[in-house]
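The next block is model-v7.txt, given as compact mmCIF, C-alpha atoms.
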# COMPACT_ATOMS: atom_id res chain seq x y z
CA MET C 21 8.31 -4.00 32.25
CA ARG C 22 8.12 -2.50 28.77
CA GLY C 23 5.67 0.33 28.13
CA ARG C 24 2.52 -0.75 26.31
CA PHE C 25 1.06 1.12 23.36
CA ARG C 26 -1.21 3.92 24.42
CA THR C 27 -4.50 3.38 22.69
CA GLY C 28 -5.50 6.94 21.92
CA LEU C 29 -6.71 5.98 18.43
CA TRP C 30 -7.34 2.26 18.48
CA THR C 31 -7.19 -0.83 20.64
CA VAL C 32 -4.06 -2.98 20.65
CA MET C 33 -3.82 -6.67 21.37
CA ILE C 34 -0.81 -8.65 22.49
CA ALA C 35 -0.38 -11.88 20.60
CA ALA C 36 1.11 -14.65 22.65
CA VAL C 37 4.07 -15.43 20.46
CA ALA C 38 6.87 -14.26 22.74
CA LEU C 39 7.72 -17.82 23.61
CA ALA C 40 11.05 -19.17 24.71
CA ALA C 41 12.38 -20.38 21.37
CA CYS C 42 14.55 -23.42 21.09
CA GLY C 43 16.10 -25.71 18.51
CA GLY C 44 17.11 -24.83 14.96
CA GLY C 45 20.60 -23.30 15.03
CA ALA C 46 20.15 -21.75 11.58
CA THR C 47 21.17 -18.14 11.36
CA SER C 48 20.46 -15.37 8.89
CA GLN C 49 22.27 -12.10 8.19
CA GLY C 50 24.83 -13.01 10.84
CA SER C 51 22.46 -12.07 13.66
CA ALA C 52 23.14 -14.99 15.99
CA SER C 53 24.71 -13.57 19.12
CA ALA C 54 25.43 -14.62 22.67
CA GLN C 55 23.44 -11.60 23.83
CA LYS C 56 19.81 -12.35 24.59
CA VAL C 57 17.49 -9.68 23.21
CA LYS C 58 13.77 -9.07 23.35
CA LEU C 59 12.30 -7.21 20.37
CA VAL C 60 8.88 -5.61 20.13
CA PHE C 61 7.31 -5.95 16.67
CA PHE C 62 4.27 -3.74 16.09
CA ASN C 63 2.07 -4.54 13.07
CA ALA C 64 0.01 -1.47 12.19
CA ARG C 65 -1.29 -3.19 9.05
CA THR C 66 -2.80 -6.62 8.35
CA ALA C 67 -1.91 -10.31 7.88
CA ASP C 68 -1.68 -11.21 11.57
CA PRO C 69 -1.49 -15.02 11.16
CA VAL C 70 1.33 -14.76 8.60
CA GLU C 71 3.34 -12.28 10.67
CA GLN C 72 2.93 -14.38 13.81
CA ALA C 73 4.14 -17.48 11.96
CA LEU C 74 7.18 -15.61 10.69
CA VAL C 75 7.94 -14.36 14.19
CA LYS C 76 7.85 -17.89 15.57
CA LYS C 77 10.07 -19.15 12.74
CA TYR C 78 12.64 -16.43 13.35
CA MET C 79 12.78 -17.17 17.07
CA THR C 80 13.33 -20.84 16.30
CA MET C 81 16.23 -19.88 14.04
CA HIS C 82 17.65 -17.46 16.63
CA PRO C 83 17.37 -18.96 20.14
CA ASN C 84 18.69 -15.79 21.77
CA VAL C 85 15.98 -13.60 20.27
CA THR C 86 12.50 -13.28 21.76
CA ILE C 87 9.90 -11.22 19.91
CA GLU C 88 6.83 -9.67 21.48
CA TYR C 89 4.17 -9.16 18.83
CA LEU C 90 1.65 -6.34 18.95
CA ALA C 91 -1.14 -5.85 16.42
CA THR C 92 -4.16 -3.70 15.79
CA THR C 93 -7.43 -5.52 16.35
CA ALA C 94 -9.80 -3.56 14.11
CA MET C 95 -10.84 -5.29 10.88
CA PRO C 96 -10.93 -3.36 8.68
CA GLY C 97 -8.23 -1.53 10.54
CA PRO C 98 -7.91 2.13 11.38
CA SER C 99 -7.07 4.59 8.68
CA ASP C 100 -3.44 4.96 7.66
CA THR C 101 -3.60 8.56 8.88
CA ASP C 102 -4.61 7.35 12.35
CA ALA C 103 -1.91 4.68 12.28
CA ILE C 104 0.79 7.25 11.57
CA ALA C 105 -0.45 9.62 14.26
CA ASN C 106 -0.71 6.87 16.86
CA LEU C 107 2.74 5.49 16.12
CA ILE C 108 4.34 8.95 16.34
CA PHE C 109 2.47 9.57 19.60
CA ASN C 110 3.76 6.39 21.17
CA ILE C 111 7.32 6.88 19.97
CA GLN C 112 7.38 10.40 21.37
CA ALA C 113 5.95 8.96 24.61
CA LYS C 114 9.06 6.71 24.73
CA THR C 115 7.13 3.47 24.20
CA GLU C 116 9.64 0.80 23.25
CA VAL C 117 9.10 -0.53 19.74
CA ASP C 118 11.94 -2.15 17.80
CA VAL C 119 10.24 -2.89 14.47
CA ALA C 120 7.01 -1.48 13.05
CA LYS C 121 5.14 -2.60 9.95
CA VAL C 122 3.57 0.52 8.46
CA GLU C 123 1.94 1.84 5.30
CA VAL C 124 4.70 2.56 2.78
CA SER C 125 3.65 5.54 0.69
CA ARG C 126 3.53 8.25 3.35
CA THR C 127 4.48 6.82 6.74
CA PRO C 128 8.30 6.60 6.45
CA MET C 129 8.58 10.24 5.35
CA GLN C 130 6.20 11.45 8.03
CA LEU C 131 7.96 9.46 10.73
CA MET C 132 11.34 10.67 9.51
CA GLY C 133 10.08 14.25 9.53
CA ALA C 134 8.98 13.75 13.14
CA LYS C 135 12.44 12.33 13.96
CA SER C 136 10.74 9.13 15.08
CA ILE C 137 12.62 6.49 13.07
CA GLU C 138 16.23 5.48 12.55
CA GLU C 139 18.15 5.78 9.28
CA LEU C 140 18.86 2.14 8.41
CA GLY C 141 22.11 2.74 6.55
CA GLN C 142 23.76 3.95 9.75
CA ILE C 143 22.88 0.63 11.35
CA GLY C 144 23.48 -1.83 8.50
CA GLY C 145 25.81 -0.03 6.09
CA ASP C 146 26.10 -1.26 2.50
CA ALA C 147 23.92 -4.31 3.14
CA VAL C 148 20.89 -2.02 3.33
CA GLN C 149 21.64 -0.44 -0.05
CA GLN C 150 22.14 -3.89 -1.55
CA ARG C 151 18.78 -5.05 -0.22
CA LEU C 152 17.07 -2.01 -1.75
CA LYS C 153 18.16 -3.20 -5.20
CA GLU C 154 16.19 -6.41 -4.64
CA LEU C 155 12.92 -4.70 -3.67
CA LEU C 156 10.04 -2.74 -5.21
CA ASN C 157 8.64 0.63 -4.04
CA THR C 158 12.07 1.85 -2.92
CA ASN C 159 11.30 5.40 -4.09
CA TYR C 160 9.10 5.76 -0.99
CA VAL C 161 11.81 4.93 1.52
CA SER C 162 15.13 6.18 0.17
CA PHE C 163 15.45 9.97 0.32
CA ASP C 164 17.33 12.78 2.04
CA LYS C 165 20.57 10.78 1.61
CA GLY C 166 19.27 7.93 3.73
CA VAL C 167 17.18 4.77 3.83
CA TRP C 168 14.35 5.11 6.32
CA ALA C 169 12.50 1.83 5.78
CA LEU C 170 12.58 -1.36 3.74
CA PRO C 171 9.55 -2.23 1.54
CA TYR C 172 7.86 -5.41 2.71
CA GLU C 173 4.62 -5.79 0.73
CA TYR C 174 3.89 -4.38 -2.73
CA ASP C 175 0.36 -3.29 -3.60
CA PRO C 176 0.00 -2.10 -7.22
CA PHE C 177 -3.41 -1.00 -8.45
CA GLY C 178 -5.21 -1.81 -11.65
CA TYR C 179 -8.43 -2.47 -13.53
CA VAL C 180 -9.66 -5.60 -11.72
CA TYR C 181 -12.37 -7.21 -13.81
CA ASN C 182 -14.62 -10.21 -14.24
CA ALA C 183 -13.47 -11.48 -17.63
CA THR C 184 -16.33 -13.99 -17.73
CA LEU C 185 -18.89 -11.22 -17.37
CA LEU C 186 -17.18 -9.00 -19.92
CA LYS C 187 -17.06 -11.84 -22.46
CA SER C 188 -20.75 -12.57 -21.96
CA ALA C 189 -21.36 -8.94 -22.97
CA GLY C 190 -19.23 -9.36 -26.09
CA ILE C 191 -16.11 -7.67 -24.67
CA SER C 192 -13.08 -9.85 -25.42
CA SER C 193 -10.33 -7.75 -23.81
CA PRO C 194 -10.03 -5.08 -21.10
CA PRO C 195 -10.09 -1.36 -22.04
CA LYS C 196 -6.76 0.29 -22.78
CA THR C 197 -7.89 3.88 -23.35
CA TRP C 198 -10.61 6.11 -21.92
CA ASP C 199 -12.64 5.76 -25.10
CA ASP C 200 -12.40 1.97 -24.75
CA LEU C 201 -13.66 2.30 -21.18
CA ARG C 202 -16.54 4.54 -22.25
CA ARG C 203 -17.59 2.02 -24.90
CA ASP C 204 -17.30 -0.94 -22.55
CA ASN C 205 -19.18 0.84 -19.76
CA ARG C 206 -22.09 1.59 -22.10
CA THR C 207 -22.17 -2.01 -23.31
CA LEU C 208 -22.00 -3.48 -19.82
CA LEU C 209 -24.75 -1.23 -18.49
CA GLN C 210 -27.00 -2.11 -21.43
CA LYS C 211 -26.39 -5.87 -21.05
CA ASN C 212 -26.49 -5.86 -17.24
CA PRO C 213 -28.66 -2.95 -15.99
CA SER C 214 -28.31 -4.00 -12.34
CA THR C 215 -24.48 -4.07 -12.49
CA TRP C 216 -22.20 -1.08 -12.17
CA PRO C 217 -19.70 -1.27 -15.07
CA LEU C 218 -16.92 0.34 -13.04
CA CYS C 219 -16.65 0.58 -9.26
CA SER C 220 -14.18 2.94 -7.66
CA PRO C 221 -13.39 4.24 -4.16
CA ILE C 222 -14.93 7.69 -3.81
CA ASP C 223 -13.34 9.38 -0.78
CA ASN C 224 -9.88 8.42 -1.95
CA LEU C 225 -6.85 9.87 -3.70
CA SER C 226 -4.75 6.84 -4.57
CA LYS C 227 -7.09 5.21 -7.09
CA ILE C 228 -7.47 8.33 -9.27
CA GLN C 229 -3.75 8.99 -9.57
CA PRO C 230 -3.04 6.50 -12.40
CA TYR C 231 -5.76 8.23 -14.43
CA VAL C 232 -4.14 11.63 -13.84
CA TRP C 233 -0.71 10.34 -14.83
CA GLY C 234 -2.23 8.47 -17.78
CA ALA C 235 -3.45 11.84 -19.08
CA GLY C 236 -0.03 13.47 -18.68
CA GLY C 237 -1.10 15.26 -15.52
CA THR C 238 0.57 15.66 -12.16
CA PHE C 239 -0.21 16.84 -8.65
CA TRP C 240 3.06 18.43 -7.59
CA ASP C 241 6.19 20.10 -8.88
CA ARG C 242 8.17 17.06 -7.72
CA ASP C 243 7.19 13.63 -6.44
CA VAL C 244 9.18 13.76 -3.19
CA LEU C 245 9.07 16.78 -0.90
CA PRO C 246 7.09 19.00 -3.28
CA THR C 247 7.30 22.75 -2.86
CA ARG C 248 4.25 23.54 -4.99
CA ALA C 249 0.83 21.98 -5.47
CA ASP C 250 -0.22 21.86 -9.12
CA PHE C 251 -3.87 20.85 -9.39
CA GLN C 252 -4.98 22.87 -12.42
CA ASN C 253 -2.92 21.38 -15.25
CA THR C 254 -4.69 19.89 -18.26
CA GLY C 255 -4.14 16.25 -17.31
CA ILE C 256 -5.51 16.51 -13.79
CA VAL C 257 -8.58 18.44 -14.96
CA ALA C 258 -9.22 15.80 -17.64
CA ALA C 259 -8.94 12.91 -15.17
CA TYR C 260 -11.31 14.35 -12.58
CA SER C 261 -13.75 15.36 -15.31
CA PHE C 262 -13.62 11.78 -16.61
CA ALA C 263 -14.33 10.46 -13.12
CA GLN C 264 -17.31 12.79 -12.84
CA GLU C 265 -18.51 11.42 -16.18
CA TRP C 266 -18.66 7.91 -14.65
CA ALA C 267 -21.00 9.17 -11.97
CA GLN C 268 -23.15 11.24 -14.32
CA ASN C 269 -23.71 8.21 -16.57
CA ASN C 270 -24.48 5.81 -13.71
CA TRP C 271 -21.42 3.75 -14.56
CA MET C 272 -20.12 3.65 -10.99
CA ASN C 273 -21.11 2.99 -7.39
CA THR C 274 -22.94 5.58 -5.32
CA SER C 275 -21.61 4.49 -1.92
CA GLU C 276 -18.07 3.94 -0.67
CA ILE C 277 -15.99 0.83 -1.24
CA ASN C 278 -14.07 -0.86 1.57
CA ALA C 279 -12.03 -4.04 1.91
CA THR C 280 -15.10 -6.12 2.74
CA ASN C 281 -17.68 -4.93 0.23
CA ALA C 282 -15.10 -4.83 -2.57
CA ILE C 283 -15.18 -8.62 -2.49
CA GLN C 284 -18.94 -8.86 -1.96
CA TRP C 285 -19.78 -6.47 -4.78
CA MET C 286 -17.59 -8.28 -7.28
CA ILE C 287 -18.70 -11.84 -6.54
CA SER C 288 -22.38 -10.77 -6.38
CA ARG C 289 -21.99 -9.19 -9.86
CA LYS C 290 -22.83 -5.78 -8.42
CA CYS C 291 -19.63 -4.57 -10.13
CA ALA C 292 -18.19 -5.76 -13.41
CA ALA C 293 -14.81 -4.13 -12.76
CA MET C 294 -13.11 -2.13 -10.05
CA ASN C 295 -10.32 0.41 -9.64
CA TYR C 296 -8.56 -1.34 -6.81
CA SER C 297 -5.60 -3.27 -5.54
CA ALA C 298 -4.50 -5.91 -8.04
CA ALA C 299 -4.25 -8.39 -5.15
CA LEU C 300 -8.05 -8.38 -4.98
CA ALA C 301 -8.01 -10.83 -7.88
CA VAL C 302 -6.44 -13.53 -5.69
CA THR C 303 -9.17 -13.23 -3.05
CA LEU C 304 -11.90 -13.17 -5.69
CA LYS C 305 -10.61 -16.40 -7.19
CA VAL C 306 -10.73 -18.09 -3.78
CA ASN C 307 -14.27 -16.84 -3.10
CA ASP C 308 -15.67 -17.49 -6.58
CA PRO C 309 -13.58 -19.82 -8.74
CA SER C 310 -16.38 -20.10 -11.29
CA GLN C 311 -15.40 -16.74 -12.80
CA ASP C 312 -12.26 -15.64 -14.61
CA TRP C 313 -10.84 -12.81 -12.51
CA GLU C 314 -8.16 -10.72 -14.23
CA VAL C 315 -6.24 -7.47 -13.77
CA ALA C 316 -5.19 -5.01 -16.48
CA PRO C 317 -3.32 -1.69 -16.34
CA THR C 318 -5.46 1.37 -15.64
CA PRO C 319 -6.75 2.76 -18.97
CA VAL C 320 -4.87 5.82 -20.25
CA GLU C 321 -6.35 8.88 -21.97
CA ASN C 322 -5.40 7.85 -25.51
CA SER C 323 -3.18 5.41 -27.39
CA SER C 324 -0.18 7.74 -27.23
CA SER C 325 -0.38 8.11 -23.43
CA LYS C 326 1.97 6.27 -21.11
CA ALA C 327 0.66 4.11 -18.27
CA THR C 328 2.02 4.91 -14.83
CA ASN C 329 0.71 3.11 -11.78
CA TYR C 330 0.33 3.84 -8.10
CA ALA C 331 1.50 1.16 -5.70
CA GLY C 332 0.94 1.14 -1.98
CA GLY C 333 1.89 -1.61 0.42
CA SER C 334 3.83 -1.95 3.63
CA ALA C 335 7.31 -1.17 4.88
CA LEU C 336 9.34 -1.98 7.97
CA VAL C 337 10.85 0.78 10.09
CA ILE C 338 12.95 0.97 13.25
CA PRO C 339 11.54 3.56 15.67
CA THR C 340 13.91 5.73 17.66
CA THR C 341 12.69 3.97 20.81
CA SER C 342 14.25 0.68 19.72
CA LYS C 343 16.42 -0.81 22.44
CA TYR C 344 18.17 -3.18 20.02
CA PRO C 345 18.39 -1.48 16.60
CA LYS C 346 21.03 -3.90 15.25
CA ALA C 347 18.97 -6.97 16.17
CA ALA C 348 15.87 -5.20 14.81
CA LEU C 349 17.57 -4.62 11.47
CA ASP C 350 18.69 -8.25 11.33
CA PHE C 351 15.04 -9.25 11.71
CA ILE C 352 13.95 -6.78 9.01
CA MET C 353 16.66 -7.99 6.65
CA TRP C 354 15.43 -11.56 7.07
CA LEU C 355 11.78 -10.60 6.53
CA THR C 356 12.67 -8.79 3.29
CA SER C 357 15.09 -11.44 2.05
CA GLN C 358 14.11 -14.00 -0.57
CA GLU C 359 14.08 -16.62 2.19
CA GLY C 360 11.68 -14.59 4.34
CA GLN C 361 9.44 -13.57 1.43
CA ASP C 362 9.33 -17.16 0.13
CA LEU C 363 7.91 -18.15 3.52
CA LYS C 364 5.58 -15.16 3.76
CA PHE C 365 3.96 -15.84 0.38
CA ALA C 366 4.09 -19.64 0.71
CA VAL C 367 6.48 -20.25 -2.18
CA ASN C 368 8.02 -22.33 0.59
CA ASN C 369 4.99 -23.40 2.62
CA SER C 370 6.91 -25.06 5.44
CA LEU C 371 5.10 -22.73 7.86
CA GLY C 372 1.84 -24.50 6.99
CA LEU C 373 -0.01 -21.27 6.30
CA ALA C 374 -3.64 -21.40 5.22
CA LYS C 375 -4.29 -20.09 1.70
CA THR C 376 -6.81 -17.60 3.00
CA ASP C 377 -4.18 -16.09 5.30
CA VAL C 378 -1.51 -15.96 2.61
CA PHE C 379 -3.91 -14.31 0.18
CA ASN C 380 -4.89 -11.71 2.77
CA GLU C 381 -1.77 -9.77 1.82
CA ALA C 382 -0.54 -7.64 -1.02
CA LEU C 383 2.20 -8.90 -3.37
CA PRO C 384 5.86 -9.53 -2.47
CA ALA C 385 8.20 -6.56 -2.29
CA SER C 386 10.95 -8.95 -3.40
CA ARG C 387 11.44 -8.82 -7.17
CA ALA C 388 12.68 -12.42 -7.22
CA VAL C 389 9.70 -13.80 -5.30
CA GLY C 390 7.30 -11.85 -7.53
CA LYS C 391 8.81 -13.58 -10.54
CA GLN C 392 8.38 -16.94 -8.86
CA LEU C 393 4.70 -16.30 -8.13
CA ASN C 394 4.09 -15.37 -11.74
CA GLY C 395 4.13 -19.08 -12.51
CA ASN C 396 1.51 -19.79 -9.85
CA PRO C 397 -2.06 -19.80 -11.28
CA ASP C 398 -3.48 -18.48 -7.99
CA TRP C 399 -1.26 -15.40 -8.07
CA LYS C 400 -0.78 -14.79 -11.79
CA PRO C 401 -3.86 -12.54 -12.35
CA ALA C 402 -2.83 -10.24 -9.49
CA LEU C 403 0.57 -9.74 -11.12
CA GLY C 404 -1.00 -8.18 -14.21
CA THR C 405 0.32 -4.69 -13.37
CA ILE C 406 3.50 -5.56 -11.49
CA ASN C 407 5.71 -4.37 -14.36
CA VAL C 408 3.88 -1.08 -14.97
CA PRO C 409 6.17 1.78 -13.81
CA THR C 410 5.12 3.45 -10.58
CA ARG C 411 5.83 6.82 -9.02
CA PRO C 412 5.38 8.33 -5.57
CA SER C 413 3.02 11.25 -5.24
CA GLY C 414 3.97 14.26 -3.18
CA VAL C 415 5.60 12.33 -0.36
CA SER C 416 6.17 14.77 2.48
CA PRO C 417 5.38 15.25 6.18
CA ILE C 418 1.98 16.75 5.27
CA TYR C 419 0.96 14.14 2.70
CA SER C 420 -1.71 12.56 4.91
CA GLN C 421 -3.47 15.90 5.32
CA ALA C 422 -3.15 16.70 1.63
CA TYR C 423 -4.44 13.22 0.77
CA GLN C 424 -7.61 13.78 2.78
CA LEU C 425 -8.27 17.19 1.24
CA LEU C 426 -7.97 15.70 -2.24
CA ALA C 427 -10.06 12.65 -1.30
CA ASP C 428 -12.85 14.84 0.05
CA MET C 429 -12.67 16.94 -3.10
CA GLN C 430 -13.09 13.83 -5.24
CA GLN C 431 -16.12 12.81 -3.22
CA ARG C 432 -17.77 16.16 -3.91
CA ILE C 433 -16.92 15.97 -7.62
CA MET C 434 -18.37 12.48 -7.97
CA LEU C 435 -21.40 12.61 -5.69
CA LYS C 436 -22.40 16.26 -5.70
CA ARG C 437 -21.33 16.97 -9.30
CA THR C 438 -19.49 20.13 -8.22
CA ASN C 439 -17.43 22.19 -10.66
CA VAL C 440 -14.14 20.41 -11.30
CA ASN C 441 -12.05 23.51 -12.02
CA GLN C 442 -13.30 25.36 -8.96
CA GLU C 443 -12.73 22.35 -6.72
CA LEU C 444 -9.17 21.91 -7.96
CA ALA C 445 -8.36 25.59 -7.50
CA THR C 446 -9.73 25.70 -3.95
CA THR C 447 -8.03 22.47 -2.91
CA GLN C 448 -4.73 23.56 -4.44
CA GLN C 449 -4.78 26.69 -2.29
CA ALA C 450 -5.46 24.70 0.88
CA VAL C 451 -2.74 22.13 0.14
CA GLN C 452 -0.23 24.83 -0.76
CA GLN C 453 -0.71 26.34 2.68
CA LEU C 454 0.16 22.97 4.21
CA ILE C 455 3.28 22.71 2.05
CA ASP C 456 4.39 26.21 3.01
CA GLN C 457 3.92 25.39 6.69
CA SER C 458 5.91 22.17 6.28
CA MET C 459 8.75 24.01 4.55
CA GLN C 460 8.90 26.51 7.40
CA LYS C 461 8.80 23.77 10.04
CA ASN C 462 11.27 21.40 8.33
CA PRO C 463 13.63 23.61 6.29
CA GLU C 464 16.43 21.02 6.42
CA LEU C 465 14.27 18.51 4.49
CA TYR C 466 13.70 20.82 1.56
CA LYS C 467 17.31 21.85 0.97
CA ARG C 468 18.48 20.29 -2.28
Would you put the structure from the file into structure tokens?
Amino acid sequence: MRGRFRTGLWTVMIAAVALAACGGGATSQGSASAQKVKLVFFNARTADPVEQALVKKYMTMHPNVTIEYLATTAMPGPSDTDAIANLIFNIQAKTEVDVAKVEVSRTPMQLMGAKSIEELGQIGGDAVQQRLKELLNTNYVSFDKGVWALPYEYDPFGYVYNATLLKSAGISSPPKTWDDLRRDNRTLLQKNPSTWPLCSPIDNLSKIQPYVWGAGGTFWDRDVLPTRADFQNTGIVAAYSFAQEWAQNNWMNTSEINATNAIQWMISRKCAAMNYSAALAVTLKVNDPSQDWEVAPTPVENSSSKATNYAGGSALVIPTTSKYPKAALDFIMWLTSQEGQDLKFAVNNSLGLAKTDVFNEALPASRAVGKQLNGNPDWKPALGTINVPTRPSGVSPIYSQAYQLLADMQQRIMLKRTNVNQELATTQQAVQQLIDQSMQKNPELYKR
């Protein structure tokens, strides 16, 4: 009997999809084998119905493979920090997991640092490197001379807005610069006093990063495995000061945004625009087709500034407790292939997926499938920032802790109107201590 996930941080359910598959003799990635294998696929993210359908399809294609599916039950789910900690805990407790779907921006590095996942190139050779060329967000998973995960879902951010509402206020196009945003926010608040012109997550780091980069700022001396926190440069001070300006002028929300109220606030006209995942536009269109929902790049400081986006999403890893790493990689290669992504995002809807389930995802990690969806009117608005360059931010084993320190700092700056320069200096000192500890604990990671 396989070990079950210990539920120290959340409850786990077992989906009944480990059925005896039959029929279909189609194979993919050469994984058909006389050996019968049973894989455990743990989804620490979302999109249960889609993942279960893909699991069933794969078992039909590979009669000798049975897949046991495990998923978190909380909706909205646990924090990514909890997900990482729980997965590491279970791997170190020798719980058998062959494939895990995890958050992409920090989890692979943290799992690799904990020696909890396999390097995929050692399992799949050149085929893994070739697959990387077909995917987005690869700068989160390929480092330290290895490939530690394959991107699976792509989640770029942007200025998600109600174009119908903006036009009714006399605004014909989304803001491109901070001055544009200031002007539009004033206009929107005057025309719609009960609507926040710009809603933004408060206890959060990810959504402010495009503003920092759009002002020429940075957080670290290097994007991957930083050795120094740099929170007092001109660009980062300008971005956090600008965010505080939103709050001081009553342009933004006074309570936190989550996956549920982000939709409610937009369709109820509580927010005219939102700093959020571009994929929100797809869900908004389903919930309120009467409005024109669009996504634009995050406004930059001035016309000479360069837009750089943050993109989260999901990735697939093979934990060190995998009993069948080769079969696990075959499954991952199929899920990230154009064939698998076509099914996942219903370009090929032979799985019969409901639109609401398909739209409860981010965007494809496959470049080819993203291009295909660009011609689909349901998806097109959400692809408004897919070609904006992205960068990772301080990916390291301590990123989750640093993230929370910066998120809490932002909350104080926005809600308590604390001094921006003092907050940045204090938080930089705390994060630098974490970096120094990580460098002492993992010296082999930082050798370059």
Query - Neighbour list for range 326-342 of chain C as a PyMOL selection string, cut-off 8 Å, all atoms listed in the file, skip fewer than 6 positions in-chain - result: chain C and resi 65+111+114-125+128+135-138+140+157+168-178+226-227+229-230+233-234+236+317-320+348-349+352+382+405+408-412
**Report entry** Of the listed residues C:Leu156, C:Ala402, C:Leu383, C:Leu208, that which approaches Leu300 in chain C most closely, counting only C-alpha atoms
**Finding:** C:Ala402
Report summary line: The distance between CA of Ile228 in chain C and CA of Gln430 in chain C is 8.8 Å
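For the choices C:Ser297, C:Asp223, C:Trp216, C:Arg289, the atom-to-atom distance to Met272 in chain C is smallest for C:Trp216 when using all atoms listed in the file.
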Report task. Could you check how far CA of Thr280 in chain C sits from CA of Tyr179 in chain C, in Å to one decimal? Result ->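 These atoms are spaced 18.0 Å apart.
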Report task. Name the closest residue to Ser324 in chain C among the candidates C:Gln55, C:Asn380, C:Asn307, C:Thr197; distances are taken between atoms, counting only C-alpha atoms. Result -> C:Thr197
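Distance-wise, CA of Leu185 in chain C and CA of Ala259 in chain C end up 26.2 Å apart.
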**Report entry** Nearest to Ser323 in chain C by atom-to-atom distance, counting only C-alpha atoms, from C:Asp200, C:Ala282, C:Val75, C:His82
**Finding:**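 Ranking C:Asp200, C:Ala282, C:Val75, C:His82 by distance to Ser323 in chain C, first place goes to C:Asp200.
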Requested in this report: Quick one: everything within 10 Å of Lys467 in chain C, counting all atoms listed in the file, minus sequence neighbours fewer than 4 positions away in the same chain. Send it as a list in words.
Outcome: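 These residues fall inside the cut-off: Asp164, Leu245, Met459, Asn462 and Pro463 of chain C.
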Requested in this report: Considering only C-alpha atoms, return as a list in words whatever protein or nucleic-acid residues lie within 9 Å of Glu71 in chain C, sequence-local ones (same chain, fewer than 5 positions apart) excluded.
Outcome: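 Neighbouring residues, sequence-local ones excluded: Asn63, Thr66, Lys76, Tyr89 and Lys364 of chain C.
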Query raised in the report: Could you pull the residues within 10 Å of Leu225 in chain C, counting all atoms listed in the file, minus those fewer than 6 positions along the same chain, as a list in words?
Result: Ala422, Tyr423, Gln424, Leu425, Leu426, Ala427, Asp428, Met429, Gln430 and Gln431 of chain C
Selected residues, C-alpha atoms, written as a PDB file, in the frame of the given file, please.
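Contents of again_15.pdb, freshly written:
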ATOM      1  CA  ALA C 422      -3.150  16.700   1.630  1.00  0.00           C
ATOM      2  CA  TYR C 423      -4.440  13.220   0.770  1.00  0.00           C
ATOM      3  CA  GLN C 424      -7.610  13.780   2.780  1.00  0.00           C
ATOM      4  CA  LEU C 425      -8.270  17.190   1.240  1.00  0.00           C
ATOM      5  CA  LEU C 426      -7.970  15.700  -2.240  1.00  0.00           C
ATOM      6  CA  ALA C 427     -10.060  12.650  -1.300  1.00  0.00           C
ATOM      7  CA  ASP C 428     -12.850  14.840   0.050  1.00  0.00           C
ATOM      8  CA  MET C 429     -12.670  16.940  -3.100  1.00  0.00           C
ATOM      9  CA  GLN C 430     -13.090  13.830  -5.240  1.00  0.00           C
ATOM     10  CA  GLN C 431     -16.120  12.810  -3.220  1.00  0.00           C
TER      11      GLN C 431
END
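Nearest residue to Val148 in chain C among C:Gln264, C:Ser310, C:Ser162, C:Gln210 is C:Ser162, counting only C-alpha atoms.
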Query - Counting all atoms listed in the file, the option among C:Val57, C:Ile418, C:Met434, C:Ala249 closest to Glu276 in chain C - result: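 The closest residue to Glu276 in chain C is C:Met434.
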Query raised in the report: If you count all atoms listed in the file, which residues fall within 8 Å of Ala235 in chain C, apart from same-chain ones fewer than 4 positions away, as a PyMOL selection string?
Result: chain C and resi 231+255-256+258-259+320-322+325
Report task. In the coordinates of the file, take the point (13.8, -14.2, -7.9) and a cut-off of 12 Å; then, counting only C-alpha atoms, name each qualifying protein, DNA or RNA residue as a PyMOL selection string. Result -> chain C and resi 154-155+357-359+361-362+367+384-395
